2 protein chains.
Amino acid sequence: MRIGELSERSGVAIPTIKFYVREGLVPSGLRTKANQADYGESHLRRLRLVRALLEVGQLSVATAKRVIAVLDDPGESALRSMGKAAYALGGAFPAPTPAGADVVAPDAATRVDDLIERHGWAVGPGNPARAQLAAAVAAAEALGLGDALGLLDRYAEAAYAIAEVDVELALSPATLEESAERMLVWTVVGDRAMSALRRLAQEAVAVKRM
Amino acid sequence: MRIGELSERSGVAIPTIKFYVREGLVPSGLRTKANQADYGESHLRRLRLVRALLEVGQLSVATAKRVIAVLDDPGESALRSMGKAAYALGGAFPAPTPAGADVVAPDAATRVDDLIERHGWAVGPGNPARAQLAAAVAAAEALGLGDALGLLDRYAEAAYAIAEVDVELALSPATLEESAERMLVWTVVGDRAMSALRRLAQEAVAVKRM
């Protein structure tokens, strides 16, 4: 199809599609004439994926590029693809240094190690979520929310229940290429769904207590 | 204290502090001389809060401003503050329209309504997390993850367990001003902690299945 039809079917404006192609988020169309290219269903699909990452997942273009690169080299199983997507996303949170973290951070990293050990989770030292969690812990401590951290174990239990759902989904039948894409989308979209559900449930629990 | 000391104690560069003051994220210091201002412990505290929102929470400056405005008008109870913070944050996800959502979105909103009803949650129609969840659902459907949505009920159960922790925290003893700030921080930082825990747990579950 021409870029005009691609734009119509995807709901993405032509200049935006051109920007995505320039940035390497969407592959180029097949050049047919000097100034014309042909796009297929795979372009439409990729365009939907990119929109989901940027709009629903609120990723930066740079992070979306890194995450999409996983699709070109998905790993030898659906679980590995999920892991690669998660690690690629982790780079989006480059161990920020919250104010005062120079003092608090070493302690925060230890707290994270302890929590992982306490729950008996096998997690590689390179998992970027370690630093992400340590940053959250350091920020909570620096702001006087030390008591919140005692509740983190219950968060961890809930997270484990969710991860079991995620892994089931990864293992549901699909081609390897499909399942890499599925897990990429679900890793990002699932975070948003979870944060939305948390806010809905907060209101439900609060109403009950009022 | 002078701005130099504030910078040293907070670990935030002087030009960055000046930017936050200009943007209204941090109140101005008390002017002492023509070109000198005095800052107190409350400035240090606010600076830490702003850093947590921007760095750990990855909020935009515009969203951070809207969320911080809740502190000036926190609501009459800790639970109300939590709700106000959540609603203010919701604006950060202005019901994006993923590609193809014109077809899928009405159905997605219904799915969200059904889910809330099925779990017996009392949630106001104005809760912005409804649109956030509908956007995630629409994106998942548009990308062929329809089967994932059947698993959303288990996500919802986990979210409820987390919300109970959050509300307990909101109700723990603190002055009203303190607790508004606590809930603001925890709403944002808790999302990051949850997403990090999900990725850690995913690895732990995946390792078990491999």
# chains A, B, ... in the order shown; residues from 1 in each chain; ligands from 1
call {"tool": "residues_around", "arguments": {"residues": "Leu169 (chain B)", "least_positions_apart": "6", "cutoff": "12 Å", "atoms": "only C-alpha atoms", "output": "PyMOL selection string"}}
result
(chain A and resi 145-152+202+206) or (chain B and resi 78-79+82+162-163+179-180+182-187+190)
call {"tool": "closest_atom_pairs", "arguments": {"of": "chain A", "to": "chain B", "cutoff": "7 Å", "atoms": "only C-alpha atoms", "output": "CSV"}}
result
residue,atom,partner,partner_atom,distance
A:Ser10,CA,B:Ala99,CA,5.2
A:Gly11,CA,B:Ala99,CA,5.6
A:Val12,CA,B:Ala99,CA,6.9
A:Arg48,CA,B:Ala99,CA,5.4
A:Leu49,CA,B:Leu143,CA,7.0
A:Arg51,CA,B:Pro98,CA,5.9
A:Ala52,CA,B:Ala139,CA,5.9
A:Glu55,CA,B:Pro96,CA,6.0
A:Val56,CA,B:Ala136,CA,6.2
A:Leu79,CA,B:Ala206,CA,6.4
A:Gly83,CA,B:Glu203,CA,6.8
A:Ala86,CA,B:Arg199,CA,6.5
A:Pro96,CA,B:Glu55,CA,6.0
A:Pro98,CA,B:Arg51,CA,5.9
A:Ala99,CA,B:Ser10,CA,5.1
A:Gly100,CA,B:Ser10,CA,5.7
A:Trp121,CA,B:Ala204,CA,5.0
A:Ala122,CA,B:Ala204,CA,4.9
A:Val123,CA,B:Ala204,CA,5.8
A:Ala129,CA,B:Ala196,CA,4.7
A:Gln132,CA,B:Ala196,CA,6.0
A:Leu133,CA,B:Ala193,CA,5.2
A:Ala135,CA,B:Val56,CA,6.5
A:Ala136,CA,B:Val189,CA,5.6
A:Ala139,CA,B:Ala52,CA,5.9
A:Leu143,CA,B:Leu49,CA,6.9
A:Leu145,CA,B:Arg182,CA,6.8
A:Ala148,CA,B:Leu169,CA,6.7
A:Leu151,CA,B:Val165,CA,6.8
A:Tyr155,CA,B:Ile162,CA,6.0
A:Ala156,CA,B:Leu197,CA,6.1
A:Ala158,CA,B:Ala158,CA,5.0
A:Ala159,CA,B:Arg198,CA,4.9
A:Tyr160,CA,B:Ala201,CA,5.2
A:Ala161,CA,B:Ala158,CA,6.8
A:Ile162,CA,B:Tyr155,CA,6.0
A:Ala163,CA,B:Gln202,CA,4.7
A:Glu164,CA,B:Val205,CA,6.4
A:Val165,CA,B:Leu151,CA,6.8
A:Val167,CA,B:Ala206,CA,6.5
A:Leu169,CA,B:Ala148,CA,6.7
A:Arg182,CA,B:Leu145,CA,6.8
A:Val189,CA,B:Ala136,CA,5.6
A:Asp191,CA,B:Ser195,CA,6.1
A:Arg192,CA,B:Ala136,CA,6.6
A:Ala193,CA,B:Leu133,CA,5.2
A:Met194,CA,B:Ala159,CA,6.8
A:Ser195,CA,B:Asp191,CA,6.1
A:Ala196,CA,B:Ala129,CA,4.7
A:Leu197,CA,B:Ala159,CA,5.8
A:Arg198,CA,B:Ala159,CA,4.9
A:Arg199,CA,B:Ala129,CA,6.3
A:Leu200,CA,B:Ala129,CA,6.3
A:Ala201,CA,B:Tyr160,CA,5.2
A:Gln202,CA,B:Ala163,CA,4.7
A:Glu203,CA,B:Val123,CA,6.0
A:Ala204,CA,B:Ala122,CA,4.9
A:Val205,CA,B:Glu164,CA,6.4
A:Ala206,CA,B:Leu79,CA,6.4
A:Val207,CA,B:Ala122,CA,6.9
call {"tool": "select_by_dssp", "arguments": {"residues": "chain B", "states": "strand (DSSP E or B)", "output": "PyMOL selection string"}}
result
chain B and resi 30-33+36-38
call {"tool": "select_by_dssp", "arguments": {"residues": "chain B", "states": "helix (DSSP H, G or I)", "output": "compact mmCIF listing (two decimals) with N, CA and C atoms, in the first residue's frame"}}
result
# COMPACT_ATOMS: atom_id res chain seq x y z
N ILE B 3 22.29 29.47 48.75
CA ILE B 3 21.98 28.50 47.69
C ILE B 3 23.13 27.50 47.51
N GLY B 4 24.36 27.96 47.78
CA GLY B 4 25.53 27.07 47.66
C GLY B 4 25.43 25.89 48.62
N GLU B 5 25.02 26.17 49.85
CA GLU B 5 24.90 25.10 50.84
C GLU B 5 23.73 24.19 50.49
N LEU B 6 22.64 24.81 50.02
CA LEU B 6 21.47 24.02 49.61
C LEU B 6 21.86 23.04 48.51
N SER B 7 22.67 23.53 47.58
CA SER B 7 23.15 22.70 46.47
C SER B 7 24.00 21.56 47.00
N GLU B 8 24.89 21.89 47.93
CA GLU B 8 25.79 20.87 48.46
C GLU B 8 25.01 19.80 49.21
N ARG B 9 24.08 20.23 50.07
CA ARG B 9 23.35 19.26 50.90
C ARG B 9 22.38 18.41 50.08
N SER B 10 21.85 18.98 49.00
CA SER B 10 20.86 18.24 48.20
C SER B 10 21.52 17.48 47.06
N ILE B 14 23.41 24.29 41.32
CA ILE B 14 22.78 25.60 41.53
C ILE B 14 21.88 26.02 40.35
N PRO B 15 22.35 25.90 39.11
CA PRO B 15 21.45 26.30 38.00
C PRO B 15 20.16 25.48 37.96
N THR B 16 20.26 24.20 38.35
CA THR B 16 19.06 23.35 38.37
C THR B 16 18.10 23.84 39.45
N ILE B 17 18.64 24.17 40.62
CA ILE B 17 17.78 24.71 41.69
C ILE B 17 17.07 25.96 41.19
N LYS B 18 17.83 26.85 40.54
CA LYS B 18 17.24 28.09 40.03
C LYS B 18 16.13 27.80 39.01
N PHE B 19 16.35 26.78 38.20
CA PHE B 19 15.33 26.37 37.22
C PHE B 19 14.05 25.90 37.92
N TYR B 20 14.21 25.09 38.96
CA TYR B 20 13.04 24.59 39.70
C TYR B 20 12.27 25.75 40.33
N VAL B 21 13.02 26.74 40.86
CA VAL B 21 12.36 27.90 41.49
C VAL B 21 11.59 28.68 40.43
N ARG B 22 12.23 28.88 39.29
CA ARG B 22 11.59 29.62 38.19
C ARG B 22 10.32 28.91 37.74
N GLU B 41 15.19 24.39 55.79
CA GLU B 41 15.04 22.93 55.70
C GLU B 41 13.88 22.54 54.80
N SER B 42 12.84 23.39 54.77
CA SER B 42 11.67 23.07 53.94
C SER B 42 12.04 23.09 52.46
N HIS B 43 13.00 23.96 52.10
CA HIS B 43 13.46 23.98 50.71
C HIS B 43 14.22 22.70 50.37
N LEU B 44 15.03 22.27 51.31
CA LEU B 44 15.81 21.04 51.11
C LEU B 44 14.87 19.86 50.90
N ARG B 45 13.83 19.83 51.73
CA ARG B 45 12.86 18.75 51.66
C ARG B 45 12.10 18.76 50.33
N ARG B 46 11.68 19.95 49.93
CA ARG B 46 10.95 20.07 48.67
C ARG B 46 11.83 19.66 47.48
N LEU B 47 13.10 20.03 47.59
CA LEU B 47 14.05 19.69 46.53
C LEU B 47 14.17 18.17 46.39
N ARG B 48 14.19 17.49 47.51
CA ARG B 48 14.26 16.02 47.48
C ARG B 48 13.00 15.44 46.86
N LEU B 49 11.87 16.05 47.21
CA LEU B 49 10.60 15.59 46.64
C LEU B 49 10.58 15.76 45.12
N VAL B 50 11.01 16.94 44.66
CA VAL B 50 11.02 17.23 43.22
C VAL B 50 11.93 16.24 42.49
N ARG B 51 13.10 15.98 43.07
CA ARG B 51 14.02 15.02 42.45
C ARG B 51 13.41 13.63 42.37
N ALA B 52 12.71 13.24 43.41
CA ALA B 52 12.08 11.92 43.41
C ALA B 52 11.02 11.84 42.32
N LEU B 53 10.23 12.89 42.17
CA LEU B 53 9.18 12.88 41.14
C LEU B 53 9.79 12.85 39.74
N LEU B 54 10.82 13.67 39.53
CA LEU B 54 11.38 13.79 38.18
C LEU B 54 12.28 12.61 37.83
N GLU B 55 13.11 12.18 38.79
CA GLU B 55 14.11 11.15 38.45
C GLU B 55 13.57 9.74 38.66
N VAL B 56 13.07 9.48 39.86
CA VAL B 56 12.57 8.13 40.12
C VAL B 56 11.22 7.93 39.41
N VAL B 61 8.15 17.91 33.89
CA VAL B 61 8.07 19.08 34.78
C VAL B 61 6.61 19.53 34.92
N ALA B 62 5.86 19.48 33.81
CA ALA B 62 4.47 19.92 33.83
C ALA B 62 3.63 19.04 34.77
N THR B 63 3.82 17.73 34.69
CA THR B 63 3.06 16.83 35.57
C THR B 63 3.50 17.02 37.02
N ALA B 64 4.80 17.15 37.25
CA ALA B 64 5.30 17.35 38.61
C ALA B 64 4.67 18.60 39.23
N LYS B 65 4.53 19.66 38.42
CA LYS B 65 3.91 20.89 38.92
C LYS B 65 2.47 20.64 39.36
N ARG B 66 1.74 19.91 38.51
CA ARG B 66 0.32 19.65 38.81
C ARG B 66 0.19 18.79 40.07
N VAL B 67 1.11 17.84 40.21
CA VAL B 67 1.05 16.94 41.36
C VAL B 67 1.44 17.67 42.64
N ILE B 68 2.46 18.55 42.53
CA ILE B 68 2.92 19.28 43.71
C ILE B 68 1.86 20.28 44.18
N ALA B 69 1.03 20.74 43.24
CA ALA B 69 -0.04 21.66 43.61
C ALA B 69 -0.98 21.04 44.64
N VAL B 70 -1.05 19.71 44.65
CA VAL B 70 -1.89 19.01 45.63
C VAL B 70 -1.44 19.34 47.05
N LEU B 71 -0.13 19.56 47.23
CA LEU B 71 0.40 19.85 48.57
C LEU B 71 -0.13 21.16 49.12
N ASP B 72 -0.44 22.12 48.22
CA ASP B 72 -0.94 23.41 48.67
C ASP B 72 -2.41 23.32 49.08
N ALA B 78 -5.95 12.12 54.88
CA ALA B 78 -4.84 11.50 54.17
C ALA B 78 -5.34 10.72 52.95
N LEU B 79 -6.50 10.06 53.11
CA LEU B 79 -7.05 9.29 51.99
C LEU B 79 -7.43 10.20 50.84
N ARG B 80 -8.01 11.38 51.18
CA ARG B 80 -8.38 12.33 50.13
C ARG B 80 -7.12 12.83 49.42
N SER B 81 -6.04 13.05 50.17
CA SER B 81 -4.79 13.51 49.55
C SER B 81 -4.28 12.48 48.58
N MET B 82 -4.36 11.23 49.00
CA MET B 82 -3.90 10.16 48.13
C MET B 82 -4.72 10.18 46.84
N GLY B 83 -6.02 10.31 46.99
CA GLY B 83 -6.90 10.36 45.82
C GLY B 83 -6.58 11.54 44.93
N LYS B 84 -6.36 12.71 45.55
CA LYS B 84 -6.05 13.89 44.74
C LYS B 84 -4.75 13.71 43.98
N ALA B 85 -3.76 13.14 44.65
CA ALA B 85 -2.47 12.91 43.98
C ALA B 85 -2.65 11.95 42.80
N ALA B 86 -3.44 10.89 43.03
CA ALA B 86 -3.65 9.90 41.97
C ALA B 86 -4.39 10.54 40.79
N TYR B 87 -5.39 11.35 41.07
CA TYR B 87 -6.14 12.00 39.99
C TYR B 87 -5.24 12.99 39.24
N ALA B 88 -4.40 13.73 39.99
CA ALA B 88 -3.50 14.69 39.35
C ALA B 88 -2.50 13.97 38.45
N LEU B 89 -2.03 12.82 38.92
CA LEU B 89 -1.10 12.02 38.12
C LEU B 89 -1.79 11.47 36.89
N GLY B 90 -3.05 11.13 37.03
CA GLY B 90 -3.80 10.56 35.92
C GLY B 90 -3.73 11.45 34.71
N ALA B 101 -7.39 2.54 17.60
CA ALA B 101 -8.21 2.60 18.82
C ALA B 101 -9.60 3.14 18.54
N ASP B 102 -9.76 3.83 17.40
CA ASP B 102 -11.08 4.34 17.04
C ASP B 102 -12.07 3.19 16.98
N VAL B 103 -11.58 2.02 16.55
CA VAL B 103 -12.45 0.85 16.47
C VAL B 103 -12.54 0.15 17.84
N VAL B 104 -11.39 0.02 18.48
CA VAL B 104 -11.29 -0.83 19.66
C VAL B 104 -11.71 -0.12 20.94
N ALA B 105 -11.47 1.18 21.02
CA ALA B 105 -11.56 1.89 22.30
C ALA B 105 -12.93 1.81 22.99
N PRO B 106 -14.05 1.95 22.27
CA PRO B 106 -15.33 1.91 22.98
C PRO B 106 -15.49 0.57 23.71
N ASP B 107 -15.08 -0.49 23.03
CA ASP B 107 -15.12 -1.81 23.61
C ASP B 107 -14.20 -1.89 24.83
N ALA B 108 -13.04 -1.25 24.74
CA ALA B 108 -12.06 -1.29 25.84
C ALA B 108 -12.64 -0.61 27.08
N ALA B 109 -13.34 0.51 26.90
CA ALA B 109 -13.92 1.21 28.04
C ALA B 109 -14.97 0.33 28.72
N THR B 110 -15.74 -0.39 27.91
CA THR B 110 -16.74 -1.31 28.46
C THR B 110 -16.08 -2.43 29.25
N ARG B 111 -14.99 -2.96 28.70
CA ARG B 111 -14.26 -4.01 29.40
C ARG B 111 -13.79 -3.54 30.78
N VAL B 112 -13.33 -2.28 30.83
CA VAL B 112 -12.85 -1.72 32.09
C VAL B 112 -14.01 -1.58 33.08
N ASP B 113 -15.14 -1.06 32.59
CA ASP B 113 -16.33 -0.95 33.43
C ASP B 113 -16.71 -2.32 34.00
N ASP B 114 -16.73 -3.32 33.12
CA ASP B 114 -17.12 -4.67 33.53
C ASP B 114 -16.18 -5.20 34.61
N LEU B 115 -14.88 -5.00 34.39
CA LEU B 115 -13.89 -5.49 35.34
C LEU B 115 -14.10 -4.85 36.72
N ILE B 116 -14.32 -3.54 36.73
CA ILE B 116 -14.50 -2.82 38.00
C ILE B 116 -15.75 -3.34 38.72
N GLU B 117 -16.80 -3.57 37.92
CA GLU B 117 -18.06 -4.06 38.50
C GLU B 117 -17.89 -5.48 39.03
N ARG B 118 -17.22 -6.31 38.22
CA ARG B 118 -17.02 -7.72 38.57
C ARG B 118 -16.29 -7.86 39.91
N ALA B 129 -7.68 6.83 35.93
CA ALA B 129 -7.08 5.52 35.70
C ALA B 129 -7.98 4.64 34.82
N ARG B 130 -9.27 4.97 34.76
CA ARG B 130 -10.17 4.24 33.85
C ARG B 130 -9.69 4.36 32.41
N ALA B 131 -9.40 5.61 32.00
CA ALA B 131 -8.95 5.85 30.62
C ALA B 131 -7.57 5.25 30.39
N GLN B 132 -6.74 5.32 31.42
CA GLN B 132 -5.38 4.76 31.31
C GLN B 132 -5.46 3.24 31.08
N LEU B 133 -6.33 2.59 31.84
CA LEU B 133 -6.48 1.15 31.69
C LEU B 133 -7.11 0.80 30.35
N ALA B 134 -8.11 1.60 29.94
CA ALA B 134 -8.75 1.34 28.64
C ALA B 134 -7.75 1.47 27.51
N ALA B 135 -6.83 2.44 27.60
CA ALA B 135 -5.81 2.62 26.56
C ALA B 135 -4.90 1.40 26.51
N ALA B 136 -4.54 0.87 27.69
CA ALA B 136 -3.68 -0.32 27.73
C ALA B 136 -4.41 -1.51 27.13
N VAL B 137 -5.69 -1.65 27.46
CA VAL B 137 -6.50 -2.75 26.94
C VAL B 137 -6.64 -2.65 25.42
N ALA B 138 -6.91 -1.44 24.92
CA ALA B 138 -7.07 -1.23 23.48
C ALA B 138 -5.78 -1.55 22.75
N ALA B 139 -4.65 -1.13 23.31
CA ALA B 139 -3.36 -1.40 22.67
C ALA B 139 -3.09 -2.89 22.64
N ALA B 140 -3.38 -3.57 23.74
CA ALA B 140 -3.15 -5.02 23.81
C ALA B 140 -4.01 -5.73 22.77
N GLU B 141 -5.26 -5.30 22.64
CA GLU B 141 -6.16 -5.93 21.66
C GLU B 141 -5.71 -5.66 20.23
N ALA B 142 -5.35 -4.42 19.95
CA ALA B 142 -4.93 -4.06 18.59
C ALA B 142 -3.70 -4.85 18.18
N GLY B 146 -5.34 -10.26 22.77
CA GLY B 146 -6.67 -10.39 23.35
C GLY B 146 -6.71 -11.41 24.49
N ASP B 147 -5.92 -12.50 24.33
CA ASP B 147 -5.93 -13.53 25.36
C ASP B 147 -5.34 -13.04 26.68
N ALA B 148 -4.47 -12.03 26.59
CA ALA B 148 -3.85 -11.48 27.80
C ALA B 148 -4.91 -10.85 28.70
N LEU B 149 -5.97 -10.35 28.07
CA LEU B 149 -6.96 -9.60 28.83
C LEU B 149 -7.76 -10.51 29.75
N LEU B 152 -6.40 -10.37 33.11
CA LEU B 152 -6.42 -9.09 33.80
C LEU B 152 -7.06 -9.18 35.18
N ASP B 153 -7.95 -10.16 35.35
CA ASP B 153 -8.60 -10.30 36.66
C ASP B 153 -7.57 -10.67 37.73
N ARG B 154 -6.58 -11.45 37.34
CA ARG B 154 -5.55 -11.82 38.32
C ARG B 154 -4.64 -10.62 38.61
N TYR B 155 -4.42 -9.81 37.59
CA TYR B 155 -3.73 -8.53 37.82
C TYR B 155 -4.52 -7.69 38.81
N ALA B 156 -5.83 -7.65 38.62
CA ALA B 156 -6.68 -6.81 39.48
C ALA B 156 -6.61 -7.27 40.93
N GLU B 157 -6.58 -8.59 41.14
CA GLU B 157 -6.48 -9.10 42.52
C GLU B 157 -5.17 -8.66 43.17
N ALA B 158 -4.09 -8.75 42.40
CA ALA B 158 -2.78 -8.32 42.92
C ALA B 158 -2.80 -6.82 43.21
N ALA B 159 -3.44 -6.05 42.33
CA ALA B 159 -3.52 -4.60 42.52
C ALA B 159 -4.28 -4.26 43.79
N TYR B 160 -5.29 -5.04 44.08
CA TYR B 160 -6.08 -4.79 45.29
C TYR B 160 -5.24 -5.03 46.54
N ALA B 161 -4.45 -6.09 46.51
CA ALA B 161 -3.56 -6.38 47.65
C ALA B 161 -2.58 -5.22 47.87
N ILE B 162 -2.09 -4.66 46.79
CA ILE B 162 -1.16 -3.53 46.87
C ILE B 162 -1.86 -2.29 47.40
N ALA B 163 -3.07 -2.06 46.91
CA ALA B 163 -3.82 -0.87 47.34
C ALA B 163 -4.10 -0.93 48.84
N GLU B 164 -4.30 -2.15 49.36
CA GLU B 164 -4.53 -2.26 50.81
C GLU B 164 -3.29 -1.82 51.58
N VAL B 165 -2.11 -2.17 51.07
CA VAL B 165 -0.87 -1.71 51.68
C VAL B 165 -0.79 -0.18 51.61
N ASP B 166 -1.11 0.37 50.45
CA ASP B 166 -1.04 1.82 50.25
C ASP B 166 -1.95 2.56 51.23
N VAL B 167 -3.15 2.05 51.38
CA VAL B 167 -4.12 2.74 52.25
C VAL B 167 -3.69 2.62 53.71
N GLU B 168 -3.15 1.48 54.11
CA GLU B 168 -2.60 1.34 55.46
C GLU B 168 -1.56 2.40 55.72
N LEU B 169 -0.71 2.60 54.73
CA LEU B 169 0.36 3.58 54.84
C LEU B 169 -0.23 4.98 54.98
N ALA B 170 -1.27 5.26 54.21
CA ALA B 170 -1.91 6.57 54.27
C ALA B 170 -2.49 6.82 55.65
N LEU B 171 -2.96 5.76 56.28
CA LEU B 171 -3.64 5.91 57.56
C LEU B 171 -2.68 5.86 58.75
N LEU B 176 -1.42 16.07 58.83
CA LEU B 176 -2.11 16.05 57.54
C LEU B 176 -1.17 16.51 56.44
N GLU B 177 -0.35 17.53 56.74
CA GLU B 177 0.57 18.05 55.74
C GLU B 177 1.59 16.97 55.37
N GLU B 178 2.13 16.33 56.40
CA GLU B 178 3.09 15.26 56.19
C GLU B 178 2.49 14.15 55.34
N SER B 179 1.26 13.76 55.71
CA SER B 179 0.72 12.58 55.06
C SER B 179 0.36 12.88 53.60
N ALA B 180 0.02 14.13 53.28
CA ALA B 180 -0.21 14.49 51.87
C ALA B 180 1.08 14.26 51.09
N GLU B 181 2.19 14.71 51.68
CA GLU B 181 3.47 14.57 51.00
C GLU B 181 3.86 13.10 50.89
N ARG B 182 3.65 12.37 51.98
CA ARG B 182 3.98 10.94 51.97
C ARG B 182 3.24 10.20 50.86
N MET B 183 1.94 10.49 50.75
CA MET B 183 1.15 9.74 49.78
C MET B 183 1.50 10.13 48.34
N LEU B 184 1.86 11.41 48.19
CA LEU B 184 2.30 11.88 46.88
C LEU B 184 3.53 11.11 46.44
N VAL B 185 4.51 11.06 47.34
CA VAL B 185 5.76 10.35 47.04
C VAL B 185 5.49 8.88 46.79
N TRP B 186 4.70 8.29 47.67
CA TRP B 186 4.51 6.85 47.59
C TRP B 186 3.71 6.43 46.35
N THR B 187 2.77 7.28 45.96
CA THR B 187 1.99 6.99 44.75
C THR B 187 2.92 6.89 43.55
N VAL B 188 3.86 7.83 43.47
CA VAL B 188 4.78 7.85 42.32
C VAL B 188 5.88 6.80 42.46
N VAL B 189 6.53 6.79 43.64
CA VAL B 189 7.66 5.89 43.84
C VAL B 189 7.17 4.43 43.89
N GLY B 190 5.97 4.23 44.43
CA GLY B 190 5.41 2.88 44.51
C GLY B 190 5.20 2.26 43.13
N ASP B 191 4.80 3.07 42.15
CA ASP B 191 4.67 2.57 40.78
C ASP B 191 5.99 2.02 40.26
N ARG B 192 7.05 2.79 40.50
CA ARG B 192 8.38 2.37 40.03
C ARG B 192 8.84 1.12 40.76
N ALA B 193 8.58 1.10 42.06
CA ALA B 193 8.98 -0.06 42.85
C ALA B 193 8.25 -1.29 42.33
N MET B 194 6.96 -1.12 42.05
CA MET B 194 6.15 -2.24 41.58
C MET B 194 6.64 -2.75 40.23
N SER B 195 6.95 -1.84 39.32
CA SER B 195 7.41 -2.28 38.00
C SER B 195 8.77 -2.97 38.12
N ALA B 196 9.63 -2.49 39.00
CA ALA B 196 10.93 -3.14 39.22
C ALA B 196 10.73 -4.53 39.83
N LEU B 197 9.85 -4.63 40.81
CA LEU B 197 9.59 -5.93 41.45
C LEU B 197 9.01 -6.91 40.44
N ARG B 198 8.16 -6.41 39.55
CA ARG B 198 7.57 -7.28 38.52
C ARG B 198 8.67 -7.89 37.65
N ARG B 199 9.64 -7.07 37.25
CA ARG B 199 10.72 -7.58 36.40
C ARG B 199 11.63 -8.55 37.15
N LEU B 200 11.86 -8.28 38.41
CA LEU B 200 12.68 -9.20 39.21
C LEU B 200 11.95 -10.53 39.36
N ALA B 201 10.65 -10.44 39.67
CA ALA B 201 9.87 -11.66 39.86
C ALA B 201 9.71 -12.42 38.56
N GLN B 202 9.58 -11.70 37.44
CA GLN B 202 9.50 -12.38 36.13
C GLN B 202 10.71 -13.26 35.92
N GLU B 203 11.88 -12.72 36.25
CA GLU B 203 13.10 -13.51 36.07
C GLU B 203 13.08 -14.73 36.99
N ALA B 204 12.66 -14.50 38.23
CA ALA B 204 12.63 -15.60 39.20
C ALA B 204 11.67 -16.71 38.74
N VAL B 205 10.48 -16.32 38.26
CA VAL B 205 9.51 -17.31 37.80
C VAL B 205 10.03 -18.01 36.54
N ALA B 206 10.61 -17.24 35.62
CA ALA B 206 11.11 -17.81 34.36
C ALA B 206 12.21 -18.83 34.63
N VAL B 207 13.11 -18.50 35.52
CA VAL B 207 14.22 -19.41 35.85
C VAL B 207 13.67 -20.73 36.36
N LYS B 208 12.63 -20.65 37.18
CA LYS B 208 12.00 -21.86 37.72
C LYS B 208 11.43 -22.74 36.62
N ARG B 209 10.88 -22.12 35.56
CA ARG B 209 10.22 -22.87 34.50
C ARG B 209 11.19 -23.38 33.44
